[in-house]
Amino acid sequence: RGEGASLGCWAIEESLAGLVQHIEASAKTMGITDLINPTGEEKPVYERIREMTGGGGVDYSFECTGNLNVLRDAFLSVHEGWGLTVLLGIHSSPKLLPIHPMELFDGRRIEGSIFGGFKGKSQLPNLATECMQGVMIISTCSVFKLKLC
């Protein structure tokens, strides 16, 4: 596998373990080729990802949960020298990033993104049109639903 391999890392709480098969099926339809279920792993997720990429790590990782442990794994799974971790998840209470400043000196980077850089005012009308025309099918992006009440 090359460093650009499409990897998916899902943090799955044990209470949600029954969703693993559904998550895997949904992820594969979105192009993810490899998944790691951390509940069945003896090693930290970042070590498994480094093994899967021949030791170097991935070029990009995306942290979408707001979980600081997942953030640390995502950061440590990127390639030293040029790897980029993008923070998309927001922790429910303000917490410091679990990264020592010296870990940034090996060339890894962290960036934050709200709405993936999506510009609602200028890009939302086009997105709505694409969804209505069936160009983009957003229903496949939903892994599961939670009842509000």
# chains A, B, ... in the order shown; residues from 1 in each chain; ligands from 1
call {"tool": "residues_around", "arguments": {"residues": "Asn67 of chain A", "least_positions_apart": "3", "cutoff": "7 Å", "atoms": "only C-alpha atoms", "output": "list in words"}}
result
Val70, Leu71 and His91 of chain A
call {"tool": "write_last_selection", "arguments": {"atoms": "N, CA, C and O atoms", "output": "PDB file, in the first residue's frame"}}
result
ATOM      1  N   VAL A  70      -8.743   9.944  20.199  1.00  0.00           N
ATOM      2  CA  VAL A  70      -8.765   9.715  18.749  1.00  0.00           C
ATOM      3  C   VAL A  70      -7.909  10.778  18.056  1.00  0.00           C
ATOM      4  O   VAL A  70      -7.183  10.482  17.105  1.00  0.00           O
ATOM      5  N   LEU A  71      -7.966  12.009  18.549  1.00  0.00           N
ATOM      6  CA  LEU A  71      -7.126  13.075  17.994  1.00  0.00           C
ATOM      7  C   LEU A  71      -5.655  12.690  18.085  1.00  0.00           C
ATOM      8  O   LEU A  71      -4.903  12.831  17.125  1.00  0.00           O
ATOM      9  N   HIS A  91     -14.693  18.938  20.892  1.00  0.00           N
ATOM     10  CA  HIS A  91     -14.894  18.308  22.193  1.00  0.00           C
ATOM     11  C   HIS A  91     -15.990  19.059  22.938  1.00  0.00           C
ATOM     12  O   HIS A  91     -16.112  20.278  22.835  1.00  0.00           O
TER      13      HIS A  91
END
call {"tool": "select_by_dssp", "arguments": {"residues": "segment 62-93 of chain A", "states": "helix (DSSP H, G or I)", "output": "list in words"}}
result
Leu68, Asn69, Val70, Leu71, Arg72, Asp73, Ala74, Phe75 and Leu76 of chain A
call {"tool": "residues_around", "arguments": {"residues": "segment 41-45 of chain A", "least_positions_apart": "4", "cutoff": "9 Å", "atoms": "only C-alpha atoms", "output": "list in words"}}
result
Cys9, Ile36, Asn37, Ile49, Arg50, Val70, Asp73, Ala74 and Ser77 of chain A
call {"tool": "write_last_selection", "arguments": {"atoms": "N, CA, C and O atoms", "output": "short mmCIF file (atom, residue, chain, number, x, y, z; two decimals), in the first residue's frame"}}
result
data_model
loop_
_atom_site.label_atom_id
_atom_site.label_comp_id
_atom_site.auth_asym_id
_atom_site.auth_seq_id
_atom_site.Cartn_x
_atom_site.Cartn_y
_atom_site.Cartn_z
N CYS A 9 -10.36 5.21 10.03
CA CYS A 9 -10.19 4.87 11.44
C CYS A 9 -11.44 5.29 12.17
O CYS A 9 -11.77 6.46 12.21
N ILE A 36 -10.13 -0.02 10.82
CA ILE A 36 -9.57 -0.58 12.04
C ILE A 36 -10.60 -0.38 13.15
O ILE A 36 -11.00 0.74 13.42
N ASN A 37 -11.01 -1.48 13.75
CA ASN A 37 -11.89 -1.42 14.90
C ASN A 37 -10.99 -1.47 16.14
O ASN A 37 -10.44 -2.52 16.45
N ILE A 49 -1.89 1.72 11.85
CA ILE A 49 -1.92 2.50 10.61
C ILE A 49 -0.51 2.62 10.05
O ILE A 49 -0.30 2.46 8.84
N ARG A 50 0.47 2.86 10.89
CA ARG A 50 1.85 2.94 10.41
C ARG A 50 2.30 1.61 9.82
O ARG A 50 2.98 1.59 8.80
N VAL A 70 -8.74 9.94 20.20
CA VAL A 70 -8.76 9.71 18.75
C VAL A 70 -7.91 10.78 18.06
O VAL A 70 -7.18 10.48 17.11
N ASP A 73 -4.31 9.69 18.30
CA ASP A 73 -4.04 8.61 17.34
C ASP A 73 -3.97 9.15 15.91
O ASP A 73 -3.11 8.75 15.13
N ALA A 74 -4.88 10.05 15.57
CA ALA A 74 -4.89 10.62 14.22
C ALA A 74 -3.59 11.38 13.96
O ALA A 74 -2.98 11.25 12.89
N SER A 77 -0.60 9.08 13.54
CA SER A 77 -0.68 8.19 12.38
C SER A 77 -0.20 8.86 11.09
O SER A 77 -0.02 8.18 10.09
#
call {"tool": "closest_residue", "arguments": {"among": "A:Arg108, A:Lys28, A:His22, A:Lys119", "to": "Phe75 of chain A", "atoms": "only C-alpha atoms"}}
result
A:Arg108
call {"tool": "select_by_dssp", "arguments": {"residues": "segment 58-89 of chain A", "states": "strand (DSSP E)", "output": "number ranges by chain"}}
result
A: 60-63, 84-87
call {"tool": "residues_around", "arguments": {"residues": "Arg72 of chain A", "least_positions_apart": "3", "cutoff": "7 Å", "atoms": "only C-alpha atoms", "output": "PyMOL selection string"}}
result
chain A and resi 68-69+75-76+98-99
call {"tool": "atom_distance", "arguments": {"atom1": "atom CA of Gly66 of chain A", "atom2": "atom CA of Gly54 of chain A"}}
result
27.8 Å
